[in-house]
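**Student:** What follows is the file entry.csv, containing CSV, C-alpha atoms and all ligand atoms:
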```csv
chain,number,residue,atom,x,y,z
X,1,MET,CA,-29.3,113.4,-15.7
X,2,GLU,CA,-26.9,115.3,-18.0
X,3,ALA,CA,-27.9,115.1,-21.6
X,4,ILE,CA,-26.4,112.5,-23.9
X,5,ASN,CA,-24.0,114.3,-26.2
X,6,ARG,CA,-23.4,111.8,-28.9
X,7,ILE,CA,-23.5,108.3,-30.2
X,8,HIS,CA,-20.7,106.1,-28.8
X,9,HIS,CA,-20.9,103.3,-31.3
X,10,ILE,CA,-23.3,101.3,-33.4
X,11,SER,CA,-23.0,97.5,-33.7
X,12,ALA,CA,-24.4,95.4,-36.6
X,13,ILE,CA,-24.5,91.7,-37.6
X,14,VAL,CA,-22.9,91.0,-41.0
X,15,GLY,CA,-21.7,88.0,-43.0
X,16,ASP,CA,-18.1,87.0,-44.0
X,17,PRO,CA,-15.6,89.0,-42.1
X,18,ASN,CA,-13.3,89.6,-45.1
X,19,GLU,CA,-16.2,90.9,-47.1
X,20,ASN,CA,-17.0,93.2,-44.2
X,21,LEU,CA,-13.4,94.4,-44.0
X,22,ARG,CA,-13.2,95.0,-47.7
X,23,PHE,CA,-16.4,97.1,-47.7
X,24,PHE,CA,-15.8,99.3,-44.7
X,25,ARG,CA,-12.0,99.7,-45.1
X,26,ASP,CA,-11.7,99.8,-48.9
X,27,VAL,CA,-15.1,101.1,-50.2
X,28,LEU,CA,-15.9,103.5,-47.3
X,29,GLY,CA,-12.3,104.2,-46.2
X,30,LEU,CA,-12.8,103.6,-42.5
X,31,ARG,CA,-9.9,102.2,-40.4
X,32,LEU,CA,-10.0,98.8,-38.7
X,33,VAL,CA,-9.1,99.7,-35.1
X,34,LYS,CA,-9.7,96.5,-33.2
X,35,GLN,CA,-9.9,92.7,-34.0
X,36,THR,CA,-11.4,90.9,-31.0
X,37,VAL,CA,-14.1,88.4,-30.3
X,38,ASN,CA,-17.8,88.9,-29.3
X,39,PHE,CA,-17.3,88.8,-25.5
X,40,ASP,CA,-20.7,87.1,-25.1
X,41,ASP,CA,-20.1,84.6,-27.9
X,42,PRO,CA,-16.3,84.3,-28.4
X,43,GLY,CA,-16.4,82.0,-31.4
X,44,VAL,CA,-17.4,85.1,-33.5
X,45,TYR,CA,-15.2,88.1,-34.4
X,46,HIS,CA,-16.0,91.6,-33.1
X,47,LEU,CA,-14.4,94.0,-35.6
X,48,TYR,CA,-14.3,97.7,-34.8
X,49,PHE,CA,-13.9,100.5,-37.4
X,50,ALA,CA,-13.5,104.2,-36.9
X,51,ASN,CA,-12.5,107.3,-38.8
X,52,HIS,CA,-8.8,107.8,-39.5
X,53,ASN,CA,-8.1,109.7,-36.3
X,54,VAL,CA,-10.0,107.2,-34.3
X,55,THR,CA,-12.1,110.0,-33.0
X,56,PRO,CA,-14.5,109.0,-30.2
X,57,GLY,CA,-18.1,108.7,-31.4
X,58,THR,CA,-17.1,107.5,-34.9
X,59,VAL,CA,-17.0,103.8,-34.1
X,60,ILE,CA,-19.0,101.2,-35.9
X,61,THR,CA,-18.6,97.5,-34.9
X,62,PHE,CA,-19.5,94.2,-36.5
X,63,PHE,CA,-20.3,90.7,-35.5
X,64,PRO,CA,-19.5,88.8,-38.7
X,65,TRP,CA,-21.6,85.6,-38.7
X,66,THR,CA,-20.5,82.8,-41.1
X,67,ASN,CA,-23.7,80.8,-40.7
X,68,ASP,CA,-25.8,82.3,-43.5
X,69,HIS,CA,-28.4,83.2,-40.9
X,70,TYR,CA,-29.9,86.4,-42.4
X,71,GLY,CA,-32.0,88.7,-40.3
X,72,ARG,CA,-35.2,90.6,-41.0
X,73,LYS,CA,-35.2,94.3,-40.7
X,74,GLY,CA,-38.1,95.6,-38.7
X,75,SER,CA,-39.3,97.4,-35.5
X,76,GLY,CA,-37.2,97.0,-32.4
X,77,GLN,CA,-34.0,97.6,-34.4
X,78,VAL,CA,-31.7,100.4,-35.4
X,79,GLY,CA,-32.4,101.1,-39.1
X,80,ARG,CA,-30.3,103.0,-41.6
X,81,ILE,CA,-26.9,104.2,-40.4
X,82,ALA,CA,-25.8,107.5,-41.8
X,83,PHE,CA,-22.2,108.7,-42.1
X,84,ARG,CA,-21.2,112.3,-42.4
X,85,VAL,CA,-18.8,113.6,-45.1
X,86,PRO,CA,-17.3,117.1,-45.5
X,87,LYS,CA,-19.4,119.7,-47.1
X,88,GLY,CA,-19.1,119.6,-50.9
X,89,SER,CA,-18.1,116.0,-51.1
X,90,LEU,CA,-21.4,114.4,-51.8
X,91,ASP,CA,-21.0,114.2,-55.6
X,92,TYR,CA,-17.5,112.6,-55.1
X,93,TRP,CA,-19.1,109.9,-52.8
X,94,LYS,CA,-21.9,109.3,-55.3
X,95,GLU,CA,-19.4,108.6,-58.0
X,96,ARG,CA,-17.2,106.6,-55.7
X,97,LEU,CA,-20.0,104.3,-54.6
X,98,THR,CA,-21.4,104.0,-58.1
X,99,ALA,CA,-18.0,103.0,-59.4
X,100,GLN,CA,-18.2,100.1,-57.0
X,101,SER,CA,-21.4,99.0,-58.7
X,102,LEU,CA,-23.5,100.0,-55.7
X,103,GLN,CA,-27.1,101.1,-56.2
X,104,VAL,CA,-27.2,104.6,-54.8
X,105,GLU,CA,-30.4,106.5,-54.3
X,106,VAL,CA,-30.5,110.2,-53.6
X,107,THR,CA,-33.2,111.0,-51.0
X,108,SER,CA,-33.8,113.7,-48.3
X,109,LEU,CA,-34.2,111.3,-45.5
X,110,PHE,CA,-32.0,113.3,-43.1
X,111,GLY,CA,-33.5,116.7,-44.1
X,112,LYS,CA,-30.9,117.3,-46.8
X,113,ASP,CA,-29.5,115.3,-49.8
X,114,THR,CA,-28.9,111.8,-48.6
X,115,LEU,CA,-27.2,109.0,-50.5
X,116,GLU,CA,-28.8,105.7,-49.5
X,117,PHE,CA,-27.1,102.4,-50.3
X,118,ASP,CA,-26.6,98.9,-48.9
X,119,ASP,CA,-23.4,97.3,-47.7
X,120,VAL,CA,-22.3,94.0,-49.0
X,121,HIS,CA,-24.5,92.2,-46.5
X,122,GLY,CA,-27.6,94.2,-46.9
X,123,LEU,CA,-27.1,96.8,-44.1
X,124,ASP,CA,-29.0,100.0,-44.8
X,125,LEU,CA,-26.4,102.8,-45.0
X,126,ALA,CA,-26.4,106.5,-46.0
X,127,ILE,CA,-24.0,109.4,-46.5
X,128,VAL,CA,-24.9,113.0,-45.7
X,129,GLU,CA,-22.9,116.1,-46.0
X,130,GLY,CA,-21.9,118.0,-42.9
X,131,GLU,CA,-21.8,121.7,-42.4
X,132,THR,CA,-18.0,122.2,-42.7
X,133,SER,CA,-15.7,121.6,-45.7
X,134,SER,CA,-12.3,120.0,-45.5
X,135,ASP,CA,-9.3,119.4,-47.7
X,136,HIS,CA,-10.2,115.7,-47.8
X,137,THR,CA,-13.4,113.7,-48.7
X,138,ASP,CA,-13.0,111.0,-45.9
X,139,ILE,CA,-16.0,110.0,-43.8
X,140,LEU,CA,-15.9,112.1,-40.6
X,141,GLY,CA,-18.0,109.9,-38.5
X,142,PHE,CA,-21.7,109.3,-38.0
X,143,HIS,CA,-24.3,111.7,-39.2
X,144,GLY,CA,-26.9,109.7,-37.2
X,145,SER,CA,-29.2,106.8,-37.6
X,146,VAL,CA,-32.8,105.7,-38.0
X,147,LEU,CA,-34.5,103.9,-35.1
X,148,LEU,CA,-37.2,101.5,-36.2
X,149,SER,CA,-39.1,102.0,-33.0
X,150,GLY,CA,-42.2,99.9,-32.3
X,151,ASN,CA,-43.4,102.8,-30.1
X,152,PRO,CA,-42.3,106.1,-31.5
X,153,GLU,CA,-44.0,108.1,-28.7
X,154,GLY,CA,-42.3,106.0,-26.0
X,155,THR,CA,-39.0,106.4,-27.8
X,156,LYS,CA,-39.5,110.1,-28.0
X,157,GLU,CA,-40.2,110.4,-24.3
X,158,LEU,CA,-36.9,108.7,-23.5
X,159,LEU,CA,-34.9,110.6,-26.2
X,160,THR,CA,-36.2,114.1,-25.5
X,161,GLY,CA,-37.4,113.8,-21.9
X,162,PHE,CA,-34.6,111.8,-20.4
X,163,MET,CA,-31.6,111.8,-22.7
X,164,GLY,CA,-31.9,115.4,-23.7
X,165,LEU,CA,-32.1,115.1,-27.4
X,166,LYS,CA,-33.6,118.1,-29.2
X,167,GLU,CA,-36.6,117.6,-31.5
X,168,LEU,CA,-36.2,119.0,-35.0
X,169,ASP,CA,-38.7,118.9,-37.9
X,170,SER,CA,-41.1,116.0,-38.2
X,171,ASN,CA,-43.3,114.8,-41.0
X,172,ASP,CA,-46.0,112.2,-41.5
X,173,GLU,CA,-43.5,109.4,-41.6
X,174,ASN,CA,-40.5,110.5,-39.5
X,175,GLN,CA,-39.7,112.3,-36.3
X,176,HIS,CA,-36.3,113.9,-36.3
X,177,TYR,CA,-34.0,114.6,-33.3
X,178,GLU,CA,-30.4,115.6,-32.7
X,179,THR,CA,-28.0,115.1,-29.8
X,180,VAL,CA,-26.9,118.2,-28.0
X,181,GLY,CA,-23.1,117.6,-28.2
X,182,GLU,CA,-20.9,119.3,-30.9
X,183,GLU,CA,-21.3,116.2,-33.2
X,184,LYS,CA,-25.1,116.9,-33.4
X,185,HIS,CA,-25.9,113.3,-34.3
X,186,HIS,CA,-29.3,113.0,-36.0
X,187,ILE,CA,-31.8,110.4,-34.9
X,188,ILE,CA,-34.9,109.6,-36.8
X,189,THR,CA,-37.8,107.4,-35.7
X,190,SER,CA,-40.2,106.2,-38.3
X,191,ILE,CA,-44.0,106.3,-38.1
X,192,PRO,CA,-45.9,104.0,-38.4
X,193,PRO,CA,-43.9,101.2,-36.8
X,194,GLN,CA,-42.9,98.3,-39.1
X,195,PRO,CA,-43.4,94.6,-38.4
X,196,ALA,CA,-41.0,93.2,-35.8
X,197,GLY,CA,-37.5,92.6,-36.9
X,198,ARG,CA,-35.4,89.5,-36.3
X,199,PHE,CA,-31.6,89.7,-35.7
X,200,GLY,CA,-29.3,88.1,-38.2
X,201,ILE,CA,-27.0,89.1,-41.0
X,202,GLY,CA,-27.8,92.5,-42.5
X,203,THR,CA,-29.4,93.9,-39.3
X,204,VAL,CA,-28.2,96.3,-36.7
X,205,HIS,CA,-28.0,94.9,-33.2
X,206,HIS,CA,-27.8,98.1,-31.0
X,207,ILE,CA,-26.9,101.7,-30.7
X,208,ALA,CA,-24.6,102.8,-27.9
X,209,TRP,CA,-24.7,106.3,-26.3
X,210,SER,CA,-21.7,108.0,-24.9
X,211,VAL,CA,-21.3,108.7,-21.2
X,212,PRO,CA,-18.1,110.3,-19.8
X,213,ASP,CA,-17.1,107.8,-17.1
X,214,MET,CA,-18.1,104.9,-14.7
X,215,ASP,CA,-19.7,107.2,-12.1
X,216,VAL,CA,-22.1,108.7,-14.7
X,217,LEU,CA,-22.7,105.2,-16.2
X,218,LYS,CA,-23.9,104.0,-12.7
X,219,GLU,CA,-26.1,107.1,-12.4
X,220,TRP,CA,-27.7,106.3,-15.7
X,221,GLN,CA,-28.2,102.7,-14.6
X,222,THR,CA,-30.0,103.8,-11.4
X,223,ALA,CA,-32.0,106.5,-13.2
X,224,LEU,CA,-33.2,104.2,-16.0
X,225,ARG,CA,-34.1,101.4,-13.5
X,226,GLY,CA,-35.9,104.0,-11.5
X,227,VAL,CA,-38.3,104.7,-14.3
X,228,GLY,CA,-38.9,101.0,-15.0
X,229,PHE,CA,-36.4,99.9,-17.6
X,230,GLY,CA,-34.7,96.5,-17.2
X,231,VAL,CA,-31.1,97.5,-17.3
X,232,THR,CA,-28.2,95.0,-17.2
X,233,VAL,CA,-25.3,95.0,-14.7
X,234,VAL,CA,-22.3,97.0,-15.8
X,235,LYS,CA,-20.3,94.9,-18.3
X,236,ASP,CA,-16.6,95.3,-18.8
X,237,ARG,CA,-16.0,95.6,-22.6
X,238,ASN,CA,-12.2,96.1,-22.1
X,239,TYR,CA,-12.2,99.3,-24.1
X,240,PHE,CA,-15.2,100.7,-22.3
X,241,ASN,CA,-17.8,99.8,-19.7
X,242,SER,CA,-21.5,99.3,-20.7
X,243,ILE,CA,-25.0,98.8,-19.6
X,244,TYR,CA,-27.8,97.6,-21.9
X,245,MET,CA,-31.6,97.9,-22.0
X,246,GLY,CA,-34.5,97.6,-24.4
X,247,GLU,CA,-36.3,101.0,-24.9
X,248,LYS,CA,-40.1,101.2,-25.2
X,249,GLY,CA,-39.9,100.8,-28.9
X,250,GLY,CA,-37.9,97.6,-28.6
X,251,VAL,CA,-34.6,99.0,-29.8
X,252,VAL,CA,-31.5,97.9,-27.8
X,253,PHE,CA,-29.8,100.9,-26.2
X,254,GLU,CA,-26.4,100.6,-24.7
X,255,PHE,CA,-24.8,103.3,-22.6
X,256,ALA,CA,-21.0,103.1,-22.7
X,257,THR,CA,-18.1,105.0,-21.1
X,258,ASP,CA,-15.7,107.0,-23.3
X,259,GLY,CA,-12.7,105.3,-21.6
X,260,PRO,CA,-10.4,103.5,-21.2
X,261,GLY,CA,-10.3,103.3,-25.1
X,262,PHE,CA,-8.6,101.2,-27.8
X,263,GLU,CA,-5.0,101.8,-26.7
X,264,VAL,CA,-5.3,99.7,-23.6
X,265,ASP,CA,-3.9,96.6,-25.4
X,266,GLU,CA,-2.1,98.0,-28.5
X,267,ASP,CA,-0.7,101.4,-29.5
X,268,MET,CA,-2.2,103.9,-31.9
X,269,GLU,CA,-0.1,102.9,-34.9
X,270,SER,CA,-0.8,99.2,-34.6
X,271,LEU,CA,-4.6,99.3,-33.8
X,272,GLY,CA,-6.5,96.5,-35.5
X,273,THR,CA,-3.4,94.6,-36.8
X,274,ALA,CA,-3.7,91.6,-34.4
X,275,LEU,CA,-6.3,89.6,-32.7
X,276,LYS,CA,-6.8,91.0,-29.2
X,277,LEU,CA,-8.5,88.9,-26.5
X,278,PRO,CA,-9.7,90.0,-23.1
X,279,GLU,CA,-8.1,88.3,-20.1
X,280,GLN,CA,-10.9,85.8,-19.7
X,281,TYR,CA,-10.4,84.3,-23.2
X,282,GLU,CA,-6.6,84.6,-23.6
X,283,HIS,CA,-6.1,81.0,-22.5
X,284,LYS,CA,-8.2,79.9,-25.4
X,285,ARG,CA,-6.3,82.0,-28.0
X,286,GLN,CA,-5.2,79.0,-30.0
X,287,GLU,CA,-8.7,77.7,-30.3
X,288,TYR,CA,-10.1,81.0,-31.6
X,289,GLU,CA,-7.2,81.5,-34.0
X,290,THR,CA,-7.9,78.2,-35.5
X,291,LEU,CA,-11.7,78.7,-35.6
X,292,LEU,CA,-11.9,82.3,-36.9
X,293,PRO,CA,-11.2,83.0,-40.6
X,294,LYS,CA,-7.9,84.8,-41.2
X,295,LEU,CA,-8.4,88.4,-42.1
X,296,ASP,CA,-6.8,89.9,-45.2
X,297,ILE,CA,-5.1,92.7,-43.3
X,301,ZN,ZN,-22.1,97.9,-28.2
```
Write out the structure in this file as structure tokens.
**Tutor:**
Amino acid sequence: MEAINRIHHISAIVGDPNENLRFFRDVLGLRLVKQTVNFDDPGVYHLYFANHNVTPGTVITFFPWTNDHYGRKGSGQVGRIAFRVPKGSLDYWKERLTAQSLQVEVTSLFGKDTLEFDDVHGLDLAIVEGETSSDHTDILGFHGSVLLSGNPEGTKELLTGFMGLKELDSNDENQHYETVGEEKHHIITSIPPQPAGRFGIGTVHHIAWSVPDMDVLKEWQTALRGVGFGVTVVKDRNYFNSIYMGEKGGVVFEFATDGPGFEVDEDMESLGTALKLPEQYEHKRQEYETLLPKLDI
């Protein structure tokens, strides 16, 4: 199989959708690019955010639960999600986050200065400087993420042996990898594994890896099944097609096609401004519009 070049998106479970919107749009400056519903549980929003240019590989999505069902972080989940900012802008970001009364800790988790902080619902986030400077300070996209693998050796075998990630430095606690595409997304697995996590508000549900098209997606499906992974059928997510599986450390991996993209049901300028439903749910639009909290767009 051809190596995986980059992250496609990361999806997390959060609380109130307007709190989620305010945090990721106003505090972090990301752009809401799609309002839709969870295709597997359509009474819940699925909100997509990306960088300003809606660059592929910068997408973070949320399932905002309004039921107060908090999760527990632990093994079998994606852990801290790191965003990349232009070189030289880390101090700016430290001030910006601190001005929002966020607790910001400076660590070296990603092998360089890392700002660690939580979102409004307890998600573990980070900001790391990239290698190139810019005339702005906006988030460029993902820097990478931590995988709370219950089986770091098994995860390593898949990441490096199968998906083509390169191993970087490792220490007693962390193994560090990067994807081979130009984004060079950093992936860290932690050793030793933590107690098992439970999905709910404040936890990450899955990480999706980018594959170019449907043919390659099916090749991945066949290849992963061939080495014993329980892989789902191909699911039509309207903006991309996906397969899902649990890797050996229990983390949910999705493989998703780059296309057709977010412009299938609204144009670039109006992305994220209206509730978009896939064909199978359009007849229930009125029901969802009544049920779902209005977003402060
Ligand atoms: Zn996904």
**Student:** Using only C-alpha atoms, which residues sit within 10 Å of stretch 228-230 of chain X once same-chain residues fewer than 6 positions away are excluded, as a PDB file with C-alpha atoms, keeping the file's coordinate frame?
**Tutor:**
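Output file part_11.pdb is given in full below:
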```
ATOM      1  CA  GLN X 221     -28.200 102.700 -14.600  1.00  0.00           C
ATOM      2  CA  THR X 222     -30.000 103.800 -11.400  1.00  0.00           C
ATOM      3  CA  TYR X 244     -27.800  97.600 -21.900  1.00  0.00           C
ATOM      4  CA  MET X 245     -31.600  97.900 -22.000  1.00  0.00           C
ATOM      5  CA  GLY X 246     -34.500  97.600 -24.400  1.00  0.00           C
ATOM      6  CA  GLU X 247     -36.300 101.000 -24.900  1.00  0.00           C
ATOM      7  CA  LYS X 248     -40.100 101.200 -25.200  1.00  0.00           C
TER       8      LYS X 248
END
```
**Student:** Residues within 10 Å of ligand ZN 301 (chain X) (all atoms listed in the file), as JSON, numbers by chain?
**Tutor:** {"X": [8, 9, 10, 11, 12, 59, 60, 61, 62, 205, 206, 207, 208, 209, 237, 240, 241, 242, 243, 244, 252, 253, 254, 255, 256]}
**Student:** Return the single residue from X:Pro212, X:Pro193, X:Gly122, X:Gly272 that is closest to X:Arg31, with distances computed using all atoms listed in the file.
**Tutor:** X:Gly272
**Student:** Contacts between stretch 68-85 of chain X and stretch 205-264 of chain X, please, where a residue of stretch 205-264 of chain X counts if it comes within 6 Å (with all atoms listed in the file); show its shortest atom pair and distance in Å to one decimal, rows by chain and ascending number, as JSON lines.
**Tutor:**
```
{"residue": "X:Gly249", "atom": "CA", "partner": "X:Gly76", "partner_atom": "CA", "distance": 5.8}
{"residue": "X:Gly250", "atom": "CA", "partner": "X:Gly76", "partner_atom": "CA", "distance": 3.9}
{"residue": "X:Val251", "atom": "CA", "partner": "X:Gly76", "partner_atom": "CA", "distance": 4.2}
```
**Student:** So, with all atoms listed in the file as the atoms that count, which of X:Gly150, X:Pro278, X:Gly111, X:Gly226 lies closest to X:Ser170?
**Tutor:** X:Gly111
**Student:** If we count all atoms listed in the file and set the cut-off at 12 Å, which residues sit around X:Phe63, ignoring sequence neighbours fewer than 4 positions away in its own chain? Please answer as a PyMOL selection string.
**Tutor:** chain X and resi 10-18+20-21+35-49+67+121+199-206+292
**Student:** Just add N, CA and C atoms to stretch 40-51 of chain X and send it as a JSON list (two decimals), in the coordinates of the input.
**Tutor:**
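What ended up in out-v4.json:
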```json
[["chain", "number", "residue", "atom", "x", "y", "z"],
["X", 40, "ASP", "N", -19.61, 87.96, -25.56],
["X", 40, "ASP", "CA", -20.70, 87.10, -25.10],
["X", 40, "ASP", "C", -20.86, 85.85, -25.98],
["X", 41, "ASP", "N", -20.03, 85.73, -27.02],
["X", 41, "ASP", "CA", -20.10, 84.60, -27.90],
["X", 41, "ASP", "C", -18.76, 84.52, -28.66],
["X", 42, "PRO", "N", -17.71, 84.09, -27.92],
["X", 42, "PRO", "CA", -16.30, 84.30, -28.40],
["X", 42, "PRO", "C", -15.90, 83.53, -29.62],
["X", 43, "GLY", "N", -16.76, 82.69, -30.19],
["X", 43, "GLY", "CA", -16.40, 82.00, -31.40],
["X", 43, "GLY", "C", -16.61, 82.93, -32.65],
["X", 44, "VAL", "N", -17.07, 84.14, -32.40],
["X", 44, "VAL", "CA", -17.40, 85.10, -33.50],
["X", 44, "VAL", "C", -16.50, 86.32, -33.30],
["X", 45, "TYR", "N", -15.99, 86.84, -34.42],
["X", 45, "TYR", "CA", -15.20, 88.10, -34.40],
["X", 45, "TYR", "C", -16.06, 89.25, -33.85],
["X", 46, "HIS", "N", -15.40, 90.24, -33.29],
["X", 46, "HIS", "CA", -16.00, 91.60, -33.10],
["X", 46, "HIS", "C", -15.00, 92.54, -33.69],
["X", 47, "LEU", "N", -15.35, 93.11, -34.84],
["X", 47, "LEU", "CA", -14.40, 94.00, -35.60],
["X", 47, "LEU", "C", -14.92, 95.45, -35.37],
["X", 48, "TYR", "N", -13.97, 96.32, -35.00],
["X", 48, "TYR", "CA", -14.30, 97.70, -34.80],
["X", 48, "TYR", "C", -13.64, 98.59, -35.84],
["X", 49, "PHE", "N", -14.41, 99.49, -36.39],
["X", 49, "PHE", "CA", -13.90, 100.50, -37.40],
["X", 49, "PHE", "C", -14.15, 101.87, -36.82],
["X", 50, "ALA", "N", -13.32, 102.82, -37.25],
["X", 50, "ALA", "CA", -13.50, 104.20, -36.90],
["X", 50, "ALA", "C", -12.99, 105.10, -37.98],
["X", 51, "ASN", "N", -13.08, 106.40, -37.80],
["X", 51, "ASN", "CA", -12.50, 107.30, -38.80],
["X", 51, "ASN", "C", -10.95, 107.24, -38.64]]
```
